[in-house]
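To be precise, the following lines are protein-v3.cif, and they hold mmCIF, C-alpha atoms.
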```cif
data_my_file
loop_
_atom_site.label_atom_id
_atom_site.label_comp_id
_atom_site.auth_asym_id
_atom_site.auth_seq_id
_atom_site.Cartn_x
_atom_site.Cartn_y
_atom_site.Cartn_z
CA MET A 1 -32.64 15.81 -16.77
CA GLN A 2 -31.02 15.09 -13.42
CA PRO A 3 -27.35 14.14 -13.49
CA VAL A 4 -26.84 10.44 -12.84
CA ALA A 5 -25.28 9.85 -9.43
CA PRO A 6 -22.11 7.72 -9.41
CA LEU A 7 -23.80 5.28 -7.00
CA ASP A 8 -26.62 4.77 -9.53
CA LEU A 9 -24.07 3.61 -12.09
CA THR A 10 -22.14 1.45 -9.61
CA PHE A 11 -25.19 -0.42 -8.31
CA GLN A 12 -26.58 -0.67 -11.86
CA ALA A 13 -23.32 -2.23 -13.04
CA LEU A 14 -23.33 -4.70 -10.14
CA ALA A 15 -26.94 -5.75 -10.82
CA ASP A 16 -25.81 -8.15 -13.55
CA PRO A 17 -24.31 -11.59 -12.78
CA THR A 18 -21.87 -11.49 -15.73
CA ARG A 19 -20.51 -8.13 -14.65
CA ARG A 20 -20.20 -9.36 -11.05
CA THR A 21 -18.22 -12.36 -12.35
CA MET A 22 -15.93 -9.95 -14.21
CA VAL A 23 -15.43 -7.78 -11.09
CA GLU A 24 -14.78 -10.94 -9.09
CA ARG A 25 -12.09 -12.03 -11.57
CA LEU A 26 -10.48 -8.56 -11.62
CA SER A 27 -10.43 -8.30 -7.83
CA ARG A 28 -7.91 -11.17 -7.99
CA GLY A 29 -5.71 -9.25 -10.45
CA PRO A 30 -5.62 -7.56 -13.87
CA ALA A 31 -6.78 -9.53 -16.90
CA SER A 32 -6.97 -9.13 -20.67
CA VAL A 33 -10.39 -8.99 -22.32
CA SER A 34 -9.99 -12.52 -23.65
CA GLU A 35 -9.02 -13.81 -20.19
CA LEU A 36 -12.16 -12.13 -18.83
CA ALA A 37 -14.25 -13.71 -21.59
CA GLU A 38 -12.80 -17.20 -21.20
CA PRO A 39 -15.08 -18.55 -18.40
CA LEU A 40 -18.16 -16.74 -19.75
CA ALA A 41 -20.56 -18.46 -22.13
CA MET A 42 -21.01 -15.51 -24.49
CA THR A 43 -19.49 -13.77 -27.47
CA LEU A 44 -16.47 -11.53 -27.10
CA SER A 45 -18.63 -8.63 -28.32
CA ALA A 46 -21.11 -9.18 -25.44
CA VAL A 47 -18.19 -9.20 -22.99
CA VAL A 48 -16.91 -5.93 -24.47
CA GLN A 49 -20.36 -4.40 -23.94
CA HIS A 50 -20.41 -5.48 -20.28
CA LEU A 51 -16.89 -4.10 -19.92
CA ALA A 52 -18.11 -0.73 -21.29
CA VAL A 53 -20.81 -0.62 -18.56
CA LEU A 54 -18.21 -1.45 -15.91
CA GLU A 55 -15.88 1.27 -17.20
CA ALA A 56 -18.68 3.86 -17.37
CA SER A 57 -19.53 3.07 -13.74
CA GLY A 58 -15.91 3.61 -12.70
CA LEU A 59 -15.59 0.08 -11.31
CA VAL A 60 -13.05 -0.98 -13.92
CA ARG A 61 -10.54 0.76 -16.13
CA SER A 62 -8.70 -0.68 -19.08
CA GLN A 63 -5.63 0.21 -21.08
CA LYS A 64 -4.50 -0.96 -24.48
CA ALA A 65 -0.86 -1.89 -25.03
CA GLY A 66 -0.19 -3.15 -28.55
CA ARG A 67 -3.04 -5.53 -29.35
CA VAL A 68 -3.91 -6.43 -25.77
CA ARG A 69 -6.38 -4.49 -23.62
CA THR A 70 -5.67 -5.04 -19.92
CA CYS A 71 -8.48 -4.48 -17.40
CA ARG A 72 -8.05 -3.53 -13.76
CA ILE A 73 -10.37 -3.01 -10.84
CA GLU A 74 -10.79 0.61 -9.71
CA PRO A 75 -11.36 0.21 -5.97
CA LYS A 76 -12.85 3.66 -5.26
CA ALA A 77 -16.28 2.98 -6.80
CA LEU A 78 -16.56 -0.33 -4.96
CA GLN A 79 -15.54 1.37 -1.71
CA ALA A 80 -18.19 4.09 -2.16
CA ALA A 81 -20.90 1.46 -2.64
CA GLU A 82 -19.67 -0.50 0.38
CA ARG A 83 -19.63 2.67 2.48
CA TRP A 84 -23.19 3.58 1.51
CA ILE A 85 -24.47 0.17 2.58
CA SER A 86 -22.45 0.02 5.80
CA GLU A 87 -23.68 3.48 6.83
CA ARG A 88 -27.28 2.26 6.46
CA ARG A 89 -26.43 -0.80 8.53
CA ALA A 90 -24.79 1.36 11.23
CA SER A 91 -27.89 3.56 11.36
CA TRP A 92 -30.14 0.52 11.61
CA GLU A 93 -28.00 -1.13 14.30
CA HIS A 94 -27.88 2.13 16.27
CA ARG A 95 -31.67 2.17 16.28
CA LEU A 96 -31.75 -1.42 17.56
CA ASP A 97 -29.32 -0.49 20.34
CA ARG A 98 -31.49 2.43 21.45
CA LEU A 99 -34.55 0.18 21.29
CA GLY A 100 -32.78 -2.41 23.46
CA ALA A 101 -31.77 0.24 26.00
CA PHE A 102 -35.32 1.58 26.10
CA LEU A 103 -36.77 -1.88 26.69
CA ALA A 104 -34.22 -2.62 29.43
CA GLU A 105 -35.05 0.68 31.19
CA THR A 106 -38.79 0.23 31.04
CA GLU A 107 -38.81 -3.44 31.95
CA PRO A 108 -40.70 -4.11 35.19
CA LYS A 109 -38.23 -5.16 37.90
CA PRO A 110 -38.70 -8.72 39.13
CA ARG A 111 -40.02 -8.78 42.71
CA ARG A 112 -37.61 -10.00 45.30
CA ARG A 113 -38.67 -13.01 47.25
CA ARG A 114 -38.68 -12.32 50.99
CA LYS A 115 -36.45 -14.41 53.13
CA THR A 116 -38.39 -16.79 55.29
CA MET B 1 -34.69 -18.07 -18.87
CA GLN B 2 -32.20 -17.98 -16.03
CA PRO B 3 -33.59 -17.39 -12.54
CA VAL B 4 -32.85 -13.87 -11.31
CA ALA B 5 -30.28 -13.91 -8.52
CA PRO B 6 -31.28 -12.10 -5.32
CA LEU B 7 -28.17 -9.89 -5.63
CA ASP B 8 -29.36 -8.73 -9.09
CA LEU B 9 -32.58 -7.46 -7.52
CA THR B 10 -30.83 -5.89 -4.54
CA PHE B 11 -28.29 -3.94 -6.61
CA GLN B 12 -30.99 -3.04 -9.16
CA ALA B 13 -33.18 -1.67 -6.36
CA LEU B 14 -30.27 0.36 -4.95
CA ALA B 15 -29.43 1.85 -8.37
CA ASP B 16 -32.13 4.48 -8.00
CA PRO B 17 -31.68 7.64 -5.84
CA THR B 18 -35.33 7.72 -4.69
CA ARG B 19 -35.17 4.12 -3.54
CA ARG B 20 -31.87 4.78 -1.74
CA THR B 21 -33.54 7.74 0.03
CA MET B 22 -36.36 5.39 1.10
CA VAL B 23 -33.88 2.78 2.39
CA GLU B 24 -31.99 5.56 4.18
CA ARG B 25 -35.20 6.70 5.89
CA LEU B 26 -36.19 3.15 6.86
CA SER B 27 -32.75 2.34 8.27
CA ARG B 28 -33.58 4.96 10.95
CA GLY B 29 -36.87 3.20 11.80
CA PRO B 30 -40.20 2.01 10.36
CA ALA B 31 -42.37 4.48 8.46
CA SER B 32 -45.78 4.64 6.84
CA VAL B 33 -46.02 5.07 3.07
CA SER B 34 -47.06 8.72 3.45
CA GLU B 35 -44.13 9.38 5.80
CA LEU B 36 -41.84 7.84 3.17
CA ALA B 37 -43.43 9.97 0.45
CA GLU B 38 -43.29 13.23 2.41
CA PRO B 39 -39.73 14.39 1.56
CA LEU B 40 -39.96 13.08 -2.02
CA ALA B 41 -41.06 15.35 -4.86
CA MET B 42 -43.32 12.80 -6.55
CA THR B 43 -46.81 11.37 -6.52
CA LEU B 44 -47.84 8.81 -3.92
CA SER B 45 -48.40 6.36 -6.74
CA ALA B 46 -44.76 6.73 -7.89
CA VAL B 47 -43.62 6.12 -4.31
CA VAL B 48 -45.78 2.98 -4.16
CA GLN B 49 -44.12 1.73 -7.35
CA HIS B 50 -40.63 2.28 -5.89
CA LEU B 51 -41.80 0.53 -2.72
CA ALA B 52 -42.89 -2.46 -4.82
CA VAL B 53 -39.38 -2.71 -6.31
CA LEU B 54 -37.85 -2.52 -2.84
CA GLU B 55 -40.19 -5.23 -1.55
CA ALA B 56 -39.52 -7.49 -4.56
CA SER B 57 -35.79 -7.16 -3.89
CA GLY B 58 -36.26 -8.20 -0.26
CA LEU B 59 -34.76 -4.93 1.05
CA VAL B 60 -38.04 -3.76 2.58
CA ARG B 61 -41.20 -5.38 3.83
CA SER B 62 -44.49 -3.73 4.64
CA GLN B 63 -47.58 -4.63 6.61
CA LYS B 64 -51.03 -3.10 6.56
CA ALA B 65 -52.84 -2.46 9.84
CA GLY B 66 -56.21 -0.78 9.31
CA ARG B 67 -55.63 1.95 6.73
CA VAL B 68 -51.92 2.41 7.38
CA ARG B 69 -49.17 0.43 5.63
CA THR B 70 -45.99 0.38 7.73
CA CYS B 71 -42.66 -0.26 5.98
CA ARG B 72 -39.58 -1.77 7.59
CA ILE B 73 -36.05 -2.44 6.45
CA GLU B 74 -35.19 -6.12 5.97
CA PRO B 75 -31.49 -6.21 6.86
CA LYS B 76 -30.61 -9.57 5.27
CA ALA B 77 -30.65 -8.36 1.65
CA LEU B 78 -28.53 -5.34 2.54
CA GLN B 79 -26.09 -7.57 4.43
CA ALA B 80 -25.76 -9.94 1.46
CA ALA B 81 -24.91 -7.02 -0.84
CA GLU B 82 -22.42 -5.63 1.68
CA ARG B 83 -20.80 -9.07 2.05
CA TRP B 84 -20.41 -9.49 -1.71
CA ILE B 85 -18.60 -6.15 -2.00
CA SER B 86 -16.42 -6.65 1.06
CA GLU B 87 -15.32 -10.09 -0.19
CA ARG B 88 -14.18 -8.47 -3.44
CA ARG B 89 -12.30 -5.84 -1.46
CA ALA B 90 -10.67 -8.52 0.71
CA SER B 91 -9.57 -10.40 -2.40
CA TRP B 92 -8.19 -7.23 -3.93
CA GLU B 93 -6.36 -6.21 -0.74
CA HIS B 94 -4.93 -9.73 -0.37
CA ARG B 95 -3.50 -9.41 -3.87
CA LEU B 96 -1.92 -6.06 -2.96
CA ASP B 97 -0.38 -7.63 0.17
CA ARG B 98 1.14 -10.46 -1.87
CA LEU B 99 2.40 -7.96 -4.41
CA GLY B 100 3.97 -5.89 -1.62
CA ALA B 101 5.65 -8.98 -0.15
CA PHE B 102 6.95 -10.00 -3.57
CA LEU B 103 8.40 -6.54 -4.21
CA ALA B 104 10.03 -6.46 -0.77
CA GLU B 105 11.62 -9.89 -1.36
CA THR B 106 12.94 -9.11 -4.80
CA GLU B 107 14.16 -5.60 -3.99
CA PRO B 108 17.91 -5.27 -4.44
CA LYS B 109 19.56 -4.93 -1.03
CA PRO B 110 21.20 -1.53 -0.47
CA ARG B 111 24.99 -1.87 -0.32
CA ARG B 112 26.49 -1.28 3.05
CA ARG B 113 28.94 1.51 3.25
CA ARG B 114 32.29 0.33 4.50
CA LYS B 115 33.52 1.82 7.72
CA THR B 116 36.44 4.12 7.12
#
```
Would you put the structure from the file into structure tokens?
Amino acid sequence: MQPVAPLDLTFQALADPTRRTMVERLSRGPASVSELAEPLAMTLSAVVQHLAVLEASGLVRSQKAGRVRTCRIEPKALQAAERWISERRASWEHRLDRLGAFLAETEPKPRRRRKT
Amino acid sequence: MQPVAPLDLTFQALADPTRRTMVERLSRGPASVSELAEPLAMTLSAVVQHLAVLEASGLVRSQKAGRVRTCRIEPKALQAAERWISERRASWEHRLDRLGAFLAETEPKPRRRRKT
């Protein structure tokens, strides 16, 4: 078995709309599990399962104090995913730039009109 | 059944290391299916299956000319995924800024030493 790459887990976690809603909420600040569950039309147990996927991916961490579990965003995983995508974009844009330069170089020069 | 959001498909497609390798290759320029398959230790049929997932997600499109299918990156899906992540980061950084400002405002002022 190959080890699962962290990016696999991050993108997998982000592939679900409920989990994206939870990340969206946590990017505005920490929240308890019941605060996270409040806008979601599902059982608390389903929310806890989504939270487990988010924690396994490293996107979120949570801490229990007394009876309240507080969840926080863990920016590093999100940054790694953003970096992977932006590197692909940079590579793609670089190719377009070279293509543009090539086309400009090889373009036939317009003939000058002679003065009459 | 809920309709599947485009971001679900994009992140799902990116959650696999082989598919990320294919996107990486295509971000440097178009490639035929056999060129895509060349560095990958798997059957051509497995590569074609990964390609189908990438095409369904909108990250890649391909076109057949004669016997050769050429694959290209489709930057819009990648941009949408990048935008979603960077908006979360912006929201998270904004919160940190406000927190910093709050702490600076509420910090007890250091007492001035009297001149002797």
Resolved residues for the PyMOL selection byres ((chain B) within 6 of (chain A)) as a PyMOL selection string:
chain B and resi 8+11-12+15-16+27-28+82+88+91-92
Write out chain B, as a PDB file with C-alpha atoms, keeping the file's coordinate frame, after superposing it onto chain A by least squares using every C-alpha atom paired in order.
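This went into part.pdb:
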```
ATOM      1  CA  MET B   1     -32.682  15.845 -16.624  1.00  0.00           C
ATOM      2  CA  GLN B   2     -31.034  15.105 -13.306  1.00  0.00           C
ATOM      3  CA  PRO B   3     -27.351  14.162 -13.386  1.00  0.00           C
ATOM      4  CA  VAL B   4     -26.839  10.446 -12.765  1.00  0.00           C
ATOM      5  CA  ALA B   5     -25.255   9.833  -9.373  1.00  0.00           C
ATOM      6  CA  PRO B   6     -22.104   7.692  -9.378  1.00  0.00           C
ATOM      7  CA  LEU B   7     -23.790   5.253  -6.957  1.00  0.00           C
ATOM      8  CA  ASP B   8     -26.624   4.723  -9.491  1.00  0.00           C
ATOM      9  CA  LEU B   9     -24.070   3.565 -12.056  1.00  0.00           C
ATOM     10  CA  THR B  10     -22.151   1.420  -9.581  1.00  0.00           C
ATOM     11  CA  PHE B  11     -25.211  -0.455  -8.292  1.00  0.00           C
ATOM     12  CA  GLN B  12     -26.606  -0.710 -11.841  1.00  0.00           C
ATOM     13  CA  ALA B  13     -23.325  -2.244 -13.022  1.00  0.00           C
ATOM     14  CA  LEU B  14     -23.336  -4.731 -10.126  1.00  0.00           C
ATOM     15  CA  ALA B  15     -26.942  -5.792 -10.828  1.00  0.00           C
ATOM     16  CA  ASP B  16     -25.819  -8.169 -13.554  1.00  0.00           C
ATOM     17  CA  PRO B  17     -24.307 -11.634 -12.806  1.00  0.00           C
ATOM     18  CA  THR B  18     -21.860 -11.518 -15.748  1.00  0.00           C
ATOM     19  CA  ARG B  19     -20.522  -8.153 -14.655  1.00  0.00           C
ATOM     20  CA  ARG B  20     -20.195  -9.386 -11.058  1.00  0.00           C
ATOM     21  CA  THR B  21     -18.210 -12.389 -12.371  1.00  0.00           C
ATOM     22  CA  MET B  22     -15.924  -9.950 -14.226  1.00  0.00           C
ATOM     23  CA  VAL B  23     -15.440  -7.809 -11.095  1.00  0.00           C
ATOM     24  CA  GLU B  24     -14.783 -10.989  -9.105  1.00  0.00           C
ATOM     25  CA  ARG B  25     -12.091 -12.039 -11.590  1.00  0.00           C
ATOM     26  CA  LEU B  26     -10.483  -8.585 -11.627  1.00  0.00           C
ATOM     27  CA  SER B  27     -10.427  -8.328  -7.831  1.00  0.00           C
ATOM     28  CA  ARG B  28      -7.896 -11.209  -7.989  1.00  0.00           C
ATOM     29  CA  GLY B  29      -5.688  -9.273 -10.442  1.00  0.00           C
ATOM     30  CA  PRO B  30      -5.623  -7.567 -13.858  1.00  0.00           C
ATOM     31  CA  ALA B  31      -6.773  -9.514 -16.908  1.00  0.00           C
ATOM     32  CA  SER B  32      -6.972  -9.104 -20.659  1.00  0.00           C
ATOM     33  CA  VAL B  33     -10.385  -8.964 -22.328  1.00  0.00           C
ATOM     34  CA  SER B  34      -9.985 -12.510 -23.675  1.00  0.00           C
ATOM     35  CA  GLU B  35      -9.010 -13.785 -20.215  1.00  0.00           C
ATOM     36  CA  LEU B  36     -12.157 -12.118 -18.855  1.00  0.00           C
ATOM     37  CA  ALA B  37     -14.250 -13.670 -21.625  1.00  0.00           C
ATOM     38  CA  GLU B  38     -12.813 -17.175 -21.250  1.00  0.00           C
ATOM     39  CA  PRO B  39     -15.067 -18.547 -18.461  1.00  0.00           C
ATOM     40  CA  LEU B  40     -18.144 -16.722 -19.798  1.00  0.00           C
ATOM     41  CA  ALA B  41     -20.549 -18.443 -22.182  1.00  0.00           C
ATOM     42  CA  MET B  42     -20.994 -15.467 -24.509  1.00  0.00           C
ATOM     43  CA  THR B  43     -19.494 -13.719 -27.496  1.00  0.00           C
ATOM     44  CA  LEU B  44     -16.467 -11.468 -27.114  1.00  0.00           C
ATOM     45  CA  SER B  45     -18.611  -8.597 -28.309  1.00  0.00           C
ATOM     46  CA  ALA B  46     -21.096  -9.155 -25.442  1.00  0.00           C
ATOM     47  CA  VAL B  47     -18.185  -9.179 -22.990  1.00  0.00           C
ATOM     48  CA  VAL B  48     -16.922  -5.895 -24.462  1.00  0.00           C
ATOM     49  CA  GLN B  49     -20.369  -4.372 -23.929  1.00  0.00           C
ATOM     50  CA  HIS B  50     -20.416  -5.466 -20.266  1.00  0.00           C
ATOM     51  CA  LEU B  51     -16.889  -4.081 -19.921  1.00  0.00           C
ATOM     52  CA  ALA B  52     -18.117  -0.729 -21.260  1.00  0.00           C
ATOM     53  CA  VAL B  53     -20.806  -0.615 -18.547  1.00  0.00           C
ATOM     54  CA  LEU B  54     -18.221  -1.450 -15.894  1.00  0.00           C
ATOM     55  CA  GLU B  55     -15.882   1.265 -17.175  1.00  0.00           C
ATOM     56  CA  ALA B  56     -18.690   3.855 -17.338  1.00  0.00           C
ATOM     57  CA  SER B  57     -19.534   3.067 -13.713  1.00  0.00           C
ATOM     58  CA  GLY B  58     -15.919   3.618 -12.659  1.00  0.00           C
ATOM     59  CA  LEU B  59     -15.601   0.063 -11.275  1.00  0.00           C
ATOM     60  CA  VAL B  60     -13.050  -0.985 -13.895  1.00  0.00           C
ATOM     61  CA  ARG B  61     -10.538   0.743 -16.103  1.00  0.00           C
ATOM     62  CA  SER B  62      -8.691  -0.673 -19.067  1.00  0.00           C
ATOM     63  CA  GLN B  63      -5.612   0.236 -21.050  1.00  0.00           C
ATOM     64  CA  LYS B  64      -4.483  -0.924 -24.460  1.00  0.00           C
ATOM     65  CA  ALA B  65      -0.837  -1.845 -25.009  1.00  0.00           C
ATOM     66  CA  GLY B  66      -0.193  -3.091 -28.544  1.00  0.00           C
ATOM     67  CA  ARG B  67      -3.046  -5.468 -29.356  1.00  0.00           C
ATOM     68  CA  VAL B  68      -3.913  -6.379 -25.777  1.00  0.00           C
ATOM     69  CA  ARG B  69      -6.385  -4.450 -23.606  1.00  0.00           C
ATOM     70  CA  THR B  70      -5.668  -5.015 -19.906  1.00  0.00           C
ATOM     71  CA  CYS B  71      -8.490  -4.463 -17.398  1.00  0.00           C
ATOM     72  CA  ARG B  72      -8.046  -3.510 -13.757  1.00  0.00           C
ATOM     73  CA  ILE B  73     -10.382  -3.035 -10.836  1.00  0.00           C
ATOM     74  CA  GLU B  74     -10.802   0.573  -9.688  1.00  0.00           C
ATOM     75  CA  PRO B  75     -11.392   0.170  -5.949  1.00  0.00           C
ATOM     76  CA  LYS B  76     -12.870   3.619  -5.237  1.00  0.00           C
ATOM     77  CA  ALA B  77     -16.297   2.949  -6.781  1.00  0.00           C
ATOM     78  CA  LEU B  78     -16.578  -0.361  -4.945  1.00  0.00           C
ATOM     79  CA  GLN B  79     -15.563   1.324  -1.685  1.00  0.00           C
ATOM     80  CA  ALA B  80     -18.193   4.051  -2.129  1.00  0.00           C
ATOM     81  CA  ALA B  81     -20.910   1.420  -2.618  1.00  0.00           C
ATOM     82  CA  GLU B  82     -19.680  -0.555   0.393  1.00  0.00           C
ATOM     83  CA  ARG B  83     -19.633   2.620   2.517  1.00  0.00           C
ATOM     84  CA  TRP B  84     -23.197   3.533   1.554  1.00  0.00           C
ATOM     85  CA  ILE B  85     -24.474   0.107   2.625  1.00  0.00           C
ATOM     86  CA  SER B  86     -22.449  -0.053   5.825  1.00  0.00           C
ATOM     87  CA  GLU B  87     -23.692   3.405   6.875  1.00  0.00           C
ATOM     88  CA  ARG B  88     -27.269   2.162   6.492  1.00  0.00           C
ATOM     89  CA  ARG B  89     -26.419  -0.896   8.565  1.00  0.00           C
ATOM     90  CA  ALA B  90     -24.795   1.272  11.249  1.00  0.00           C
ATOM     91  CA  SER B  91     -27.895   3.459  11.390  1.00  0.00           C
ATOM     92  CA  TRP B  92     -30.130   0.420  11.634  1.00  0.00           C
ATOM     93  CA  GLU B  93     -27.997  -1.221  14.339  1.00  0.00           C
ATOM     94  CA  HIS B  94     -27.869   2.052  16.301  1.00  0.00           C
ATOM     95  CA  ARG B  95     -31.664   2.096  16.281  1.00  0.00           C
ATOM     96  CA  LEU B  96     -31.751  -1.489  17.580  1.00  0.00           C
ATOM     97  CA  ASP B  97     -29.315  -0.542  20.373  1.00  0.00           C
ATOM     98  CA  ARG B  98     -31.502   2.387  21.431  1.00  0.00           C
ATOM     99  CA  LEU B  99     -34.557   0.164  21.291  1.00  0.00           C
ATOM    100  CA  GLY B 100     -32.791  -2.428  23.458  1.00  0.00           C
ATOM    101  CA  ALA B 101     -31.789   0.239  25.990  1.00  0.00           C
ATOM    102  CA  PHE B 102     -35.333   1.604  26.075  1.00  0.00           C
ATOM    103  CA  LEU B 103     -36.805  -1.855  26.669  1.00  0.00           C
ATOM    104  CA  ALA B 104     -34.276  -2.586  29.419  1.00  0.00           C
ATOM    105  CA  GLU B 105     -35.100   0.719  31.161  1.00  0.00           C
ATOM    106  CA  THR B 106     -38.841   0.313  30.996  1.00  0.00           C
ATOM    107  CA  GLU B 107     -38.897  -3.380  31.904  1.00  0.00           C
ATOM    108  CA  PRO B 108     -40.778  -4.010  35.135  1.00  0.00           C
ATOM    109  CA  LYS B 109     -38.309  -4.995  37.855  1.00  0.00           C
ATOM    110  CA  PRO B 110     -38.745  -8.585  39.073  1.00  0.00           C
ATOM    111  CA  ARG B 111     -40.026  -8.646  42.659  1.00  0.00           C
ATOM    112  CA  ARG B 112     -37.560  -9.856  45.190  1.00  0.00           C
ATOM    113  CA  ARG B 113     -38.580 -12.874  47.108  1.00  0.00           C
ATOM    114  CA  ARG B 114     -38.601 -12.221  50.817  1.00  0.00           C
ATOM    115  CA  LYS B 115     -36.255 -14.270  52.914  1.00  0.00           C
ATOM    116  CA  THR B 116     -38.143 -16.737  55.041  1.00  0.00           C
TER     117      THR B 116
END
```
Work out how far CA of Glu105 in chain A is from CA of Thr70 in chain B, in Å to one decimal.
25.9 Å
Starting from the point (-8.5, 2.7, -15.5), work out which residues of protein, DNA or RNA have an atom no more than 9 Å away when counting only C-alpha atoms; state them as JSON, numbers by chain.
{"A": [55, 58, 59, 60, 61, 62, 63, 71, 72, 73, 74]}
What are the centre and edge lengths in Å, to one decimal, of the axis-aligned box around all listed atoms of range 64-73 of chain A with 5 Å added on each side, as lines of an AutoDock Vina configuration file?
```
center_x = -5.3
center_y = -3.7
center_z = -20.1
size_x = 20.2
size_y = 15.5
size_z = 28.5
```
Picked residues, the PyMOL selection byres ((chain A and resi 34) around 12), as a VMD selection string:
chain A and resid 22 30 to 33 35 to 40 42 to 48 51 67 to 71
Those residues you just picked out, can you put them in a file as a CSV table (one decimal), in the frame of the given file with C-alpha atoms?
```csv
chain,number,residue,atom,x,y,z
A,22,MET,CA,-15.9,-10.0,-14.2
A,30,PRO,CA,-5.6,-7.6,-13.9
A,31,ALA,CA,-6.8,-9.5,-16.9
A,32,SER,CA,-7.0,-9.1,-20.7
A,33,VAL,CA,-10.4,-9.0,-22.3
A,35,GLU,CA,-9.0,-13.8,-20.2
A,36,LEU,CA,-12.2,-12.1,-18.8
A,37,ALA,CA,-14.2,-13.7,-21.6
A,38,GLU,CA,-12.8,-17.2,-21.2
A,39,PRO,CA,-15.1,-18.6,-18.4
A,40,LEU,CA,-18.2,-16.7,-19.8
A,42,MET,CA,-21.0,-15.5,-24.5
A,43,THR,CA,-19.5,-13.8,-27.5
A,44,LEU,CA,-16.5,-11.5,-27.1
A,45,SER,CA,-18.6,-8.6,-28.3
A,46,ALA,CA,-21.1,-9.2,-25.4
A,47,VAL,CA,-18.2,-9.2,-23.0
A,48,VAL,CA,-16.9,-5.9,-24.5
A,51,LEU,CA,-16.9,-4.1,-19.9
A,67,ARG,CA,-3.0,-5.5,-29.4
A,68,VAL,CA,-3.9,-6.4,-25.8
A,69,ARG,CA,-6.4,-4.5,-23.6
A,70,THR,CA,-5.7,-5.0,-19.9
A,71,CYS,CA,-8.5,-4.5,-17.4
```
Rounded to one decimal, what separation in Å do you get between CA of His50 in chain A and CA of Thr21 in chain B?
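Between CA of His50 in chain A and CA of Thr21 in chain B the gap is 27.6 Å.
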Students should find that CA of Gln49 in chain A and CA of Val53 in chain B are spaced 26.0 Å
